Amino acid sequence: MDAPGRPGIAPTWTSSAKDLVTTALGPSRLWVTLGHGIVNEVYYPTTGQPQVRDLGFIVATPSGWYEVKRVADYRIDTPAPTIPLPTVRHRGDGYELELEVLPDPERETLLVRYRLTGEGVRLYALLAPHLGANGADNTAWVGPDDSARGALCARGGAESLALVADPGFRRRSVGYVGTSDGWQDFARTGGMHWSYDRAAHGNVALMGELADLEGVLALGFAGSDEGALTHARASLAQGFGRARDSFVRAWKAWGASIRTPELEPDLAREALLSATVLKVHEDKAFPGAVVASLSIPWGNARDDLGGYHLVWARDAVETGLGLLAAGQVEDARRMLAYLIATQRSDGHWSQNTFPDGRAYWTGVQLDEVGFPVLLAEKLRETGTLDDLRGVEAMVRGAAGFLARTGPLTPQDRWEENAGANPFTLAVEVAALVAAGAFLDEEERAYAASLADCWNERIEDWTYVEDGPLAREHDVGGYYLRIAPPPSAGGLRGQIDVRNRAGDRLEAAGLVSLDFLALVRLGLRAADDPRIAATTHLVDRLLAVELPTGTAYHRYNDDGYGEHADGSPFDGTGIGRAWPLLAGERAHLRLQAGEDPLDGLRTMAAMAGPGGLIPEQVWDTDPIPERFLEPGRPSGSAMPLVWAHSEFLKLAYARDAGRPLELLEAVQERYGGRRPEAATWHWRESVPFDALPAGRSLLIERAAPFTLHLGVDGWQQVRDLPSEPLPLGSFGVRLDADELDGYTRVEFNLVDGSSGAWSGNYGIALGADGARGRVRGPSSR
């Protein structure tokens with residue numbers, strides 16, 4: 001009989017508050033998440049494709065029926081932090097249910113060993129497929145009954161699943177979610193009374209009453225109905241015990257290779273778990289691809305195709321560095337190889353991609369262009385780059401993209417605004433210096449010159465001395481979160497706060513912890529007065545004291561988080577506190593000569609019940625009905641691989657006495673200082689109207705042009721054709737001795753292709769203390 005109620009309610013994913021994530025270290029392409037004590041999303045055949053919303057259980061007792069995830073009285077254990085084999089023990093009124101969740105190392109099958117105890121109890125499995133990345137168009141049916149091996153099956157898009165049990169099901173049914181599914185059956189009739197054979201083209205769910213109180217479920221996946229059944233039945237035939245032994249043996253061997261510093265027991269466990277979380281997030285179909293999280297933020301309120309199960313180059317490098325901190329060199333090398341493979345032809349990486357390299361969001365973030373260069377140089381400095389092929393070409397491409405398009409980024413690391421951002425600028429400068437080891441002599445000299453200029457000018461673009469927050473909080477000045485491009489006002493401009501329903505605020509009114517990268521990467525000293533002033537300010541404005549420690553907001557007036565009533569982020573909200581920012585703040589303490597131990601303790605204390613570190617924690621009064629408690633995980637992504645990487649890197653840095661990302665090449669060149677650049681690089685995106693004495697001037701464009709040049713009121717006018725520069729730009733150089741004796745240069749730019757003229761620019765020469773004020777074109 002066909003189920004009524006097609007197509008069911010609109011599909012969503014499930015809560016992103018995970019207890020644990022797991023996969024096998026074999027050929028199986030299956031990743032499993034647990035939350036609220038049950039199986040949540042199951043990913044197959046890559047980490048970018050969730051195929052199941054959840055697999056839960058209903059327990060019927062003489063006194064009533066209970067969905068165990070709603071009872072939420074459970075504990076979860078694993079054999080060791082580096083063996084992600086969860087055993088979940090649920091307790092309820094008159095019953096105890098034990099579940100052991102095991103991805104089969106050899107097949108695309110999830111095995112669940114179950115044991116229910118209690119008087120007069122029965123157990124029901126409830127499965128919600130979300131196949132083919134489209135939960136609104138799945139078809140479910142009661143499978144074949146041959147040899148007492150009845151199955152529950154579903155198909156969506158090109159994917160199929162089959163749920164079988166040993167010793168089998170007593171009853172089975174399929175239906176539409178919200179109308180004729182098994183949960184509705186219990187809610188309306190108090191038990192399992194419906195028996196529907198098929199539910200086509202909708203949001204479907206499957207239910208089976210298990211024939212015995214102890215046994216094994218097998219959930220198989222494949223590209224065909226028959227294949228899914230074959231996987232599930234073969235896993236049952238081989239046996240849970242054999243699969244378990246293989247799973248444990250592989251993870252135990254990997255765990256033995258982890259190297260972490262000596263820490264307090266709870267922190268040592270968190271470090272081992274963090275390394276395991278990073279390892280779990282690596283794809284097998286596309287080795288080296290690491291998604292940001294096997295979760296969908298606020299997934300129980302949305303049906304998002306991407307979620308966080310996408311690859312960001314930044315997060316992938318953070319993961320590689322985190323695993324490097326744990327001694328996993330080969331893992332880091334594999335991630336660099338993946339980045340070499342997915343680099344775009346012009347040298348950048350897409351904002352994020354599916355594990356196979358297909359772009360999802362297509363924005364450009366210049367820190368994501370610089371990060372792979374930092375990883376390559378870190379491996380080279382430590383002598384572990386070995387024979388990895390294509391590194392030089394990758395670095396040259398990335399350095400060229402930075403040189404042609406920087407220093408202003410189309411998006412900051414929070415993916416919201418364009419302009420000059422201290423974090424992105426620090427990565428760009430460090431990457432240009434780090435690239436030198438992979439470039440030829442001319443390229444290396446040009447990249448270093450550009451890095452020196454940008455490093456000297458960071459404060460011109462991002463630091464204000466008379467902003468509103470300086471006056472309000474009695475500091476001499478501060479780094480902004482981001483300054484719009486000079487053409488849009490620069491330090492005095494406004495920015496759109498993207499998660500605040502169109503709010504437009506003064507750039508000088510917003511601060512963040514992004515400036516800390518200047519110290520961490522070796523461009524500024526921890527005791528620099530500007531660093532100290534901004535630190536004082538963010539500690540006042542962004543720090544949140546919580547029962548679990550002090551965490552930080554991304555920036556003031558952020559809107560990325562739950563609403564005041566705890567309802568999910570829906571495009572707007574209120575930004576909440578981030579544990580990983582506690583790690584960034586602790587890195588500054590380390591570089592200032594303090595012990596960053598409190599940062600590690602805070603991050604660990606803010607983890608969920610299984611030790612997973614969330615993207616955000618709830619930072620105000622508790623809302624128990626929404627499971628929101630101060631200092632505990634919110635509905636944002638959990639786990640966040642970036643946060644686990646930060647934990648590992650902080651533990652490493654505390655032991656080593658310096659950040660893992662602090663490269664020798666950058667330290668030797670800058671050592672936390674702001675040396676004077678021999679050449680200032682002028683480009684239309686970041687013009688300046690004064691050049692300090694003794695500096696050369698290089699006027700640049702991405703395409704050929706002619707410089708129409710005059711001096712001191714358009715005297716000695718001449719036309720100078722641009723010449724190719726290393727790394728792909730074009731420019732006209734005016735050496736310091738050529739400029740000596742003049743007070744001003746004026747110029748226009750003539751496009752080499754169209755002949756179009758642009759701008760009437762002027763630069764004052766030899767101004768003492770000039771710092772390159774940014775204005776628009778001057779008039780003659």
# chains A, B, ... in the order shown; residues from 1 in each chain; ligands from 1

$ residues_around --residues "segment 79-89 of chain A" --least-positions-apart "3" --cutoff "6 Å" --atoms "only C-alpha atoms" --output "list of chain:residue names"
A:Thr22, A:Tyr74, A:Arg75, A:Ile76, A:Leu97, A:Glu98, A:Leu99, A:Glu100, A:Val101, A:Trp251, A:Gly255, A:Leu272, A:Leu273, A:Thr276

$ write_last_selection --atoms "N, CA and C atoms" --output "compact mmCIF listing (two decimals), in the first residue's frame"
# COMPACT_ATOMS: atom_id res chain seq x y z
N THR A 22 33.18 10.17 12.85
CA THR A 22 34.01 8.98 12.69
C THR A 22 34.03 8.53 11.24
N TYR A 74 21.99 10.26 28.09
CA TYR A 74 22.93 9.29 27.55
C TYR A 74 24.36 9.73 27.85
N ARG A 75 25.26 8.78 27.69
CA ARG A 75 26.69 9.10 27.71
C ARG A 75 27.35 8.39 26.54
N ILE A 76 28.47 8.95 26.11
CA ILE A 76 29.16 8.41 24.95
C ILE A 76 30.61 8.16 25.31
N LEU A 97 19.37 1.38 26.64
CA LEU A 97 19.70 1.04 25.26
C LEU A 97 21.18 1.34 25.02
N GLU A 98 21.91 0.33 24.55
CA GLU A 98 23.33 0.50 24.23
C GLU A 98 23.51 0.38 22.72
N LEU A 99 24.24 1.34 22.15
CA LEU A 99 24.51 1.36 20.71
C LEU A 99 26.02 1.46 20.50
N GLU A 100 26.54 0.68 19.60
CA GLU A 100 27.94 0.82 19.18
C GLU A 100 27.93 1.08 17.68
N VAL A 101 28.50 2.20 17.27
CA VAL A 101 28.38 2.69 15.89
C VAL A 101 29.71 2.49 15.18
N TRP A 251 43.07 2.38 13.47
CA TRP A 251 43.13 3.64 14.21
C TRP A 251 44.17 3.58 15.32
N GLY A 255 47.08 6.24 15.70
CA GLY A 255 47.19 7.00 16.95
C GLY A 255 48.56 6.90 17.58
N LEU A 272 44.82 14.83 21.53
CA LEU A 272 44.71 13.60 20.75
C LEU A 272 43.40 13.54 19.98
N LEU A 273 42.32 13.94 20.64
CA LEU A 273 41.02 13.95 19.97
C LEU A 273 41.02 14.94 18.81
N THR A 276 42.57 13.50 15.85
CA THR A 276 41.66 12.50 15.28
C THR A 276 40.55 13.16 14.49

$ residues_around --residues "Pro297 of chain A" --least-positions-apart "4" --cutoff "7 Å" --atoms "only C-alpha atoms" --output "JSON, numbers by chain"
{"A": [16, 307, 635, 636, 637]}

$ write_last_selection --atoms "N, CA, C and O atoms" --output "tab-separated table (two decimals), in the first residue's frame"
chain	number	residue	atom	x	y	z
A	16	SER	N	23.54	20.73	14.11
A	16	SER	CA	24.99	20.65	13.90
A	16	SER	C	25.75	20.40	15.19
A	16	SER	O	26.98	20.34	15.18
A	307	GLY	N	26.41	23.68	3.29
A	307	GLY	CA	26.77	23.61	4.70
A	307	GLY	C	28.24	23.94	4.87
A	307	GLY	O	28.82	24.75	4.14
A	635	GLY	N	24.17	26.47	18.07
A	635	GLY	CA	23.74	25.69	16.91
A	635	GLY	C	24.63	25.86	15.71
A	635	GLY	O	24.29	25.42	14.61
A	636	SER	N	25.79	26.48	15.88
A	636	SER	CA	26.73	26.67	14.78
A	636	SER	C	27.45	25.36	14.49
A	636	SER	O	27.16	24.33	15.09
A	637	ALA	N	28.41	25.41	13.58
A	637	ALA	CA	29.11	24.19	13.17
A	637	ALA	C	29.86	23.57	14.34
A	637	ALA	O	30.53	24.25	15.11

$ residues_around --residues "Gly239 of chain A" --least-positions-apart "6" --cutoff "10 Å" --atoms "only C-alpha atoms" --output "list in words"
Asp104, Leu111, Val216 and Arg233 of chain A

$ closest_residue --among "A:Trp65, A:Ala437, A:Gly118, A:Tyr95" --to "Arg188 of chain A" --atoms "only C-alpha atoms"
A:Trp65

$ closest_atom_pairs --of "segment 388-503 of chain A" --to "segment 547-560 of chain A" --cutoff "10 Å" --atoms "only C-alpha atoms" --output "CSV"
residue,atom,partner,partner_atom,distance
A:Trp414,CA,A:Arg554,CA,8.4
A:Leu480,CA,A:Tyr555,CA,9.8
A:Arg481,CA,A:Tyr555,CA,7.1
A:Val497,CA,A:Asp558,CA,7.2
A:Arg498,CA,A:Gly559,CA,7.6
A:Asn499,CA,A:Gly559,CA,4.6
A:Arg500,CA,A:Gly559,CA,5.3
A:Ala501,CA,A:Gly559,CA,8.8
A:Asp503,CA,A:Asp557,CA,9.7

$ atom_distance --atom1 "atom CA of Asp283 of chain A" --atom2 "atom CA of Leu388 of chain A"
19.5 Å

$ select_by_dssp --residues "segment 453-647 of chain A" --states "strand (DSSP E)" --output "list in words"
Tyr463, Val464, Tyr478, Tyr479, Gln494, Ile495, Asp496, Arg504, Leu505, Glu506, Ala543, Val544, Glu545, Leu546, Gly549, Thr550, Ala551 and Tyr552 of chain A

$ residues_around --residues "His348 of chain A" --least-positions-apart "2" --cutoff "9 Å" --atoms "only C-alpha atoms" --output "ChimeraX atom specification"
/A:343-346,350,364-366,368-370,397-398,401-402

$ select_by_dssp --residues "segment 142-298 of chain A" --states "helix (DSSP H, G or I)" --output "NGL selection string"
:A and (146-148 or 182-189 or 225-238 or 240-255 or 265-280)

$ write_last_selection --atoms "C-alpha atoms" --output "PDB file, in the first residue's frame"
ATOM      1  CA  ASP A 146      13.772 -13.415   0.748  1.00  0.00           C
ATOM      2  CA  SER A 147      15.445 -15.653   3.334  1.00  0.00           C
ATOM      3  CA  ALA A 148      13.994 -13.589   6.190  1.00  0.00           C
ATOM      4  CA  GLY A 182       6.710   6.053  11.724  1.00  0.00           C
ATOM      5  CA  TRP A 183       7.083   8.873  14.219  1.00  0.00           C
ATOM      6  CA  GLN A 184       3.642  10.184  13.264  1.00  0.00           C
ATOM      7  CA  ASP A 185       2.300   6.668  13.681  1.00  0.00           C
ATOM      8  CA  PHE A 186       3.504   6.592  17.302  1.00  0.00           C
ATOM      9  CA  ALA A 187       2.402  10.170  17.947  1.00  0.00           C
ATOM     10  CA  ARG A 188      -1.130   9.500  16.715  1.00  0.00           C
ATOM     11  CA  THR A 189      -1.737   5.871  17.662  1.00  0.00           C
ATOM     12  CA  ASP A 225      19.533  -0.447  -5.244  1.00  0.00           C
ATOM     13  CA  GLU A 226      21.163  -3.849  -5.595  1.00  0.00           C
ATOM     14  CA  GLY A 227      24.575  -2.484  -4.628  1.00  0.00           C
ATOM     15  CA  ALA A 228      23.275  -0.948  -1.407  1.00  0.00           C
ATOM     16  CA  LEU A 229      21.704  -4.278  -0.411  1.00  0.00           C
ATOM     17  CA  THR A 230      24.866  -6.147  -1.307  1.00  0.00           C
ATOM     18  CA  HIS A 231      27.033  -3.900   0.867  1.00  0.00           C
ATOM     19  CA  ALA A 232      24.676  -4.146   3.840  1.00  0.00           C
ATOM     20  CA  ARG A 233      24.223  -7.926   3.637  1.00  0.00           C
ATOM     21  CA  ALA A 234      27.934  -8.604   3.062  1.00  0.00           C
ATOM     22  CA  SER A 235      28.835  -6.576   6.152  1.00  0.00           C
ATOM     23  CA  LEU A 236      26.393  -8.607   8.230  1.00  0.00           C
ATOM     24  CA  ALA A 237      27.768 -11.827   6.772  1.00  0.00           C
ATOM     25  CA  GLN A 238      31.350 -10.916   7.613  1.00  0.00           C
ATOM     26  CA  PHE A 240      30.446  -7.038  13.449  1.00  0.00           C
ATOM     27  CA  GLY A 241      33.352  -8.380  15.479  1.00  0.00           C
ATOM     28  CA  ARG A 242      35.686  -8.771  12.538  1.00  0.00           C
ATOM     29  CA  ALA A 243      34.877  -5.302  11.216  1.00  0.00           C
ATOM     30  CA  ARG A 244      35.378  -3.858  14.687  1.00  0.00           C
ATOM     31  CA  ASP A 245      38.783  -5.501  15.083  1.00  0.00           C
ATOM     32  CA  SER A 246      39.926  -4.129  11.732  1.00  0.00           C
ATOM     33  CA  PHE A 247      38.636  -0.647  12.559  1.00  0.00           C
ATOM     34  CA  VAL A 248      40.347  -0.524  15.956  1.00  0.00           C
ATOM     35  CA  ARG A 249      43.615  -1.957  14.648  1.00  0.00           C
ATOM     36  CA  ALA A 250      43.972   0.702  11.949  1.00  0.00           C
ATOM     37  CA  TRP A 251      43.126   3.638  14.210  1.00  0.00           C
ATOM     38  CA  LYS A 252      45.343   2.313  16.982  1.00  0.00           C
ATOM     39  CA  ALA A 253      48.293   2.179  14.587  1.00  0.00           C
ATOM     40  CA  TRP A 254      47.638   5.719  13.397  1.00  0.00           C
ATOM     41  CA  GLY A 255      47.195   6.997  16.948  1.00  0.00           C
ATOM     42  CA  PRO A 265      45.410  14.976  31.338  1.00  0.00           C
ATOM     43  CA  ASP A 266      42.223  16.646  30.075  1.00  0.00           C
ATOM     44  CA  LEU A 267      44.161  18.819  27.655  1.00  0.00           C
ATOM     45  CA  ALA A 268      46.300  15.899  26.502  1.00  0.00           C
ATOM     46  CA  ARG A 269      43.121  13.991  25.709  1.00  0.00           C
ATOM     47  CA  GLU A 270      41.707  16.992  23.836  1.00  0.00           C
ATOM     48  CA  ALA A 271      44.908  17.255  21.790  1.00  0.00           C
ATOM     49  CA  LEU A 272      44.712  13.600  20.750  1.00  0.00           C
ATOM     50  CA  LEU A 273      41.023  13.950  19.975  1.00  0.00           C
ATOM     51  CA  SER A 274      41.697  17.103  17.936  1.00  0.00           C
ATOM     52  CA  ALA A 275      44.210  15.271  15.760  1.00  0.00           C
ATOM     53  CA  THR A 276      41.659  12.499  15.283  1.00  0.00           C
ATOM     54  CA  VAL A 277      38.929  14.958  14.309  1.00  0.00           C
ATOM     55  CA  LEU A 278      41.208  16.443  11.648  1.00  0.00           C
ATOM     56  CA  LYS A 279      42.058  12.991  10.324  1.00  0.00           C
ATOM     57  CA  VAL A 280      38.375  12.015  10.132  1.00  0.00           C
TER      58      VAL A 280
END

$ closest_atom_pairs --of "segment 322-416 of chain A" --to "segment 37-61 of chain A" --cutoff "12 Å" --atoms "only C-alpha atoms" --output "tab-separated table"
residue	atom	partner	partner_atom	distance
A:Asn352	CA	A:Gly48	CA	11.4
A:Thr353	CA	A:Gly48	CA	9.1
A:Phe354	CA	A:Gly48	CA	5.8
A:Pro355	CA	A:Gly48	CA	6.1
A:Asp356	CA	A:Thr46	CA	8.6
A:Gly357	CA	A:Gly48	CA	10.6
A:Arg358	CA	A:Gly48	CA	10.8
A:Ala359	CA	A:Gly48	CA	12.0
A:Tyr360	CA	A:Gly48	CA	10.8

$ write_last_selection --atoms "N, CA and C atoms" --output "PDB file, in the first residue's frame"
ATOM      1  N   ASN A 352      35.428  28.363  -1.929  1.00  0.00           N
ATOM      2  CA  ASN A 352      35.347  26.998  -1.408  1.00  0.00           C
ATOM      3  C   ASN A 352      34.953  26.067  -2.539  1.00  0.00           C
ATOM      4  N   THR A 353      35.182  24.787  -2.331  1.00  0.00           N
ATOM      5  CA  THR A 353      34.908  23.796  -3.364  1.00  0.00           C
ATOM      6  C   THR A 353      34.335  22.538  -2.739  1.00  0.00           C
ATOM      7  N   PHE A 354      33.698  21.728  -3.565  1.00  0.00           N
ATOM      8  CA  PHE A 354      33.409  20.361  -3.174  1.00  0.00           C
ATOM      9  C   PHE A 354      34.737  19.588  -3.163  1.00  0.00           C
ATOM     10  N   PRO A 355      34.787  18.458  -2.496  1.00  0.00           N
ATOM     11  CA  PRO A 355      36.059  17.728  -2.431  1.00  0.00           C
ATOM     12  C   PRO A 355      36.682  17.408  -3.784  1.00  0.00           C
ATOM     13  N   ASP A 356      35.863  17.283  -4.831  1.00  0.00           N
ATOM     14  CA  ASP A 356      36.431  16.964  -6.142  1.00  0.00           C
ATOM     15  C   ASP A 356      37.012  18.178  -6.843  1.00  0.00           C
ATOM     16  N   GLY A 357      36.926  19.349  -6.228  1.00  0.00           N
ATOM     17  CA  GLY A 357      37.512  20.551  -6.803  1.00  0.00           C
ATOM     18  C   GLY A 357      36.524  21.474  -7.483  1.00  0.00           C
ATOM     19  N   ARG A 358      35.273  21.054  -7.641  1.00  0.00           N
ATOM     20  CA  ARG A 358      34.265  21.933  -8.238  1.00  0.00           C
ATOM     21  C   ARG A 358      33.964  23.108  -7.301  1.00  0.00           C
ATOM     22  N   ALA A 359      33.944  24.301  -7.851  1.00  0.00           N
ATOM     23  CA  ALA A 359      33.695  25.481  -7.028  1.00  0.00           C
ATOM     24  C   ALA A 359      32.245  25.495  -6.555  1.00  0.00           C
ATOM     25  N   TYR A 360      32.031  25.896  -5.316  1.00  0.00           N
ATOM     26  CA  TYR A 360      30.680  26.105  -4.790  1.00  0.00           C
ATOM     27  C   TYR A 360      30.420  27.609  -4.724  1.00  0.00           C
TER      28      TYR A 360
END

$ closest_residue --among "A:Glu441, A:Gly766, A:Arg107, A:Leu450" --to "Glu428 of chain A" --atoms "only C-alpha atoms"
A:Leu450

$ closest_residue --among "A:Ile9, A:Leu126, A:Gly288, A:Thr319" --to "Gly178 of chain A" --atoms "only C-alpha atoms"
A:Ile9

$ closest_residue --among "A:Arg29, A:His281, A:Arg171, A:Arg302" --to "Gly220 of chain A" --atoms "only C-alpha atoms"
A:Arg29

$ atom_distance --atom1 "atom CA of Trp642 of chain A" --atom2 "atom CA of Pro105 of chain A"
26.4 Å

$ decode --residues "segment 198-223 of chain A" --atoms "C-alpha atoms" --output "short mmCIF file (atom, residue, chain, number, x, y, z; two decimals), in the first residue's frame"
data_model
loop_
_atom_site.label_atom_id
_atom_site.label_comp_id
_atom_site.auth_asym_id
_atom_site.auth_seq_id
_atom_site.Cartn_x
_atom_site.Cartn_y
_atom_site.Cartn_z
CA ARG A 198 6.06 2.67 -0.75
CA ALA A 199 6.46 6.46 -0.56
CA ALA A 200 7.63 8.05 -3.82
CA HIS A 201 9.09 11.46 -4.68
CA GLY A 202 8.96 13.24 -1.39
CA ASN A 203 10.55 13.78 2.02
CA VAL A 204 10.43 10.20 3.26
CA ALA A 205 11.23 8.18 6.37
CA LEU A 206 11.57 4.44 7.05
CA MET A 207 10.73 2.51 10.22
CA GLY A 208 11.28 -1.06 11.30
CA GLU A 209 10.45 -2.90 14.51
CA LEU A 210 13.47 -5.03 15.33
CA ALA A 211 12.81 -8.74 15.76
CA ASP A 212 15.03 -9.07 18.81
CA LEU A 213 16.28 -6.78 21.55
CA GLU A 214 19.89 -7.48 20.63
CA GLY A 215 21.46 -7.52 17.19
CA VAL A 216 23.13 -5.54 14.44
CA LEU A 217 21.77 -3.05 11.92
CA ALA A 218 23.56 -2.57 8.61
CA LEU A 219 22.96 0.55 6.51
CA GLY A 220 24.50 0.13 3.05
CA PHE A 221 25.05 2.74 0.34
CA ALA A 222 25.75 2.40 -3.38
CA GLY A 223 24.96 3.82 -6.78
#
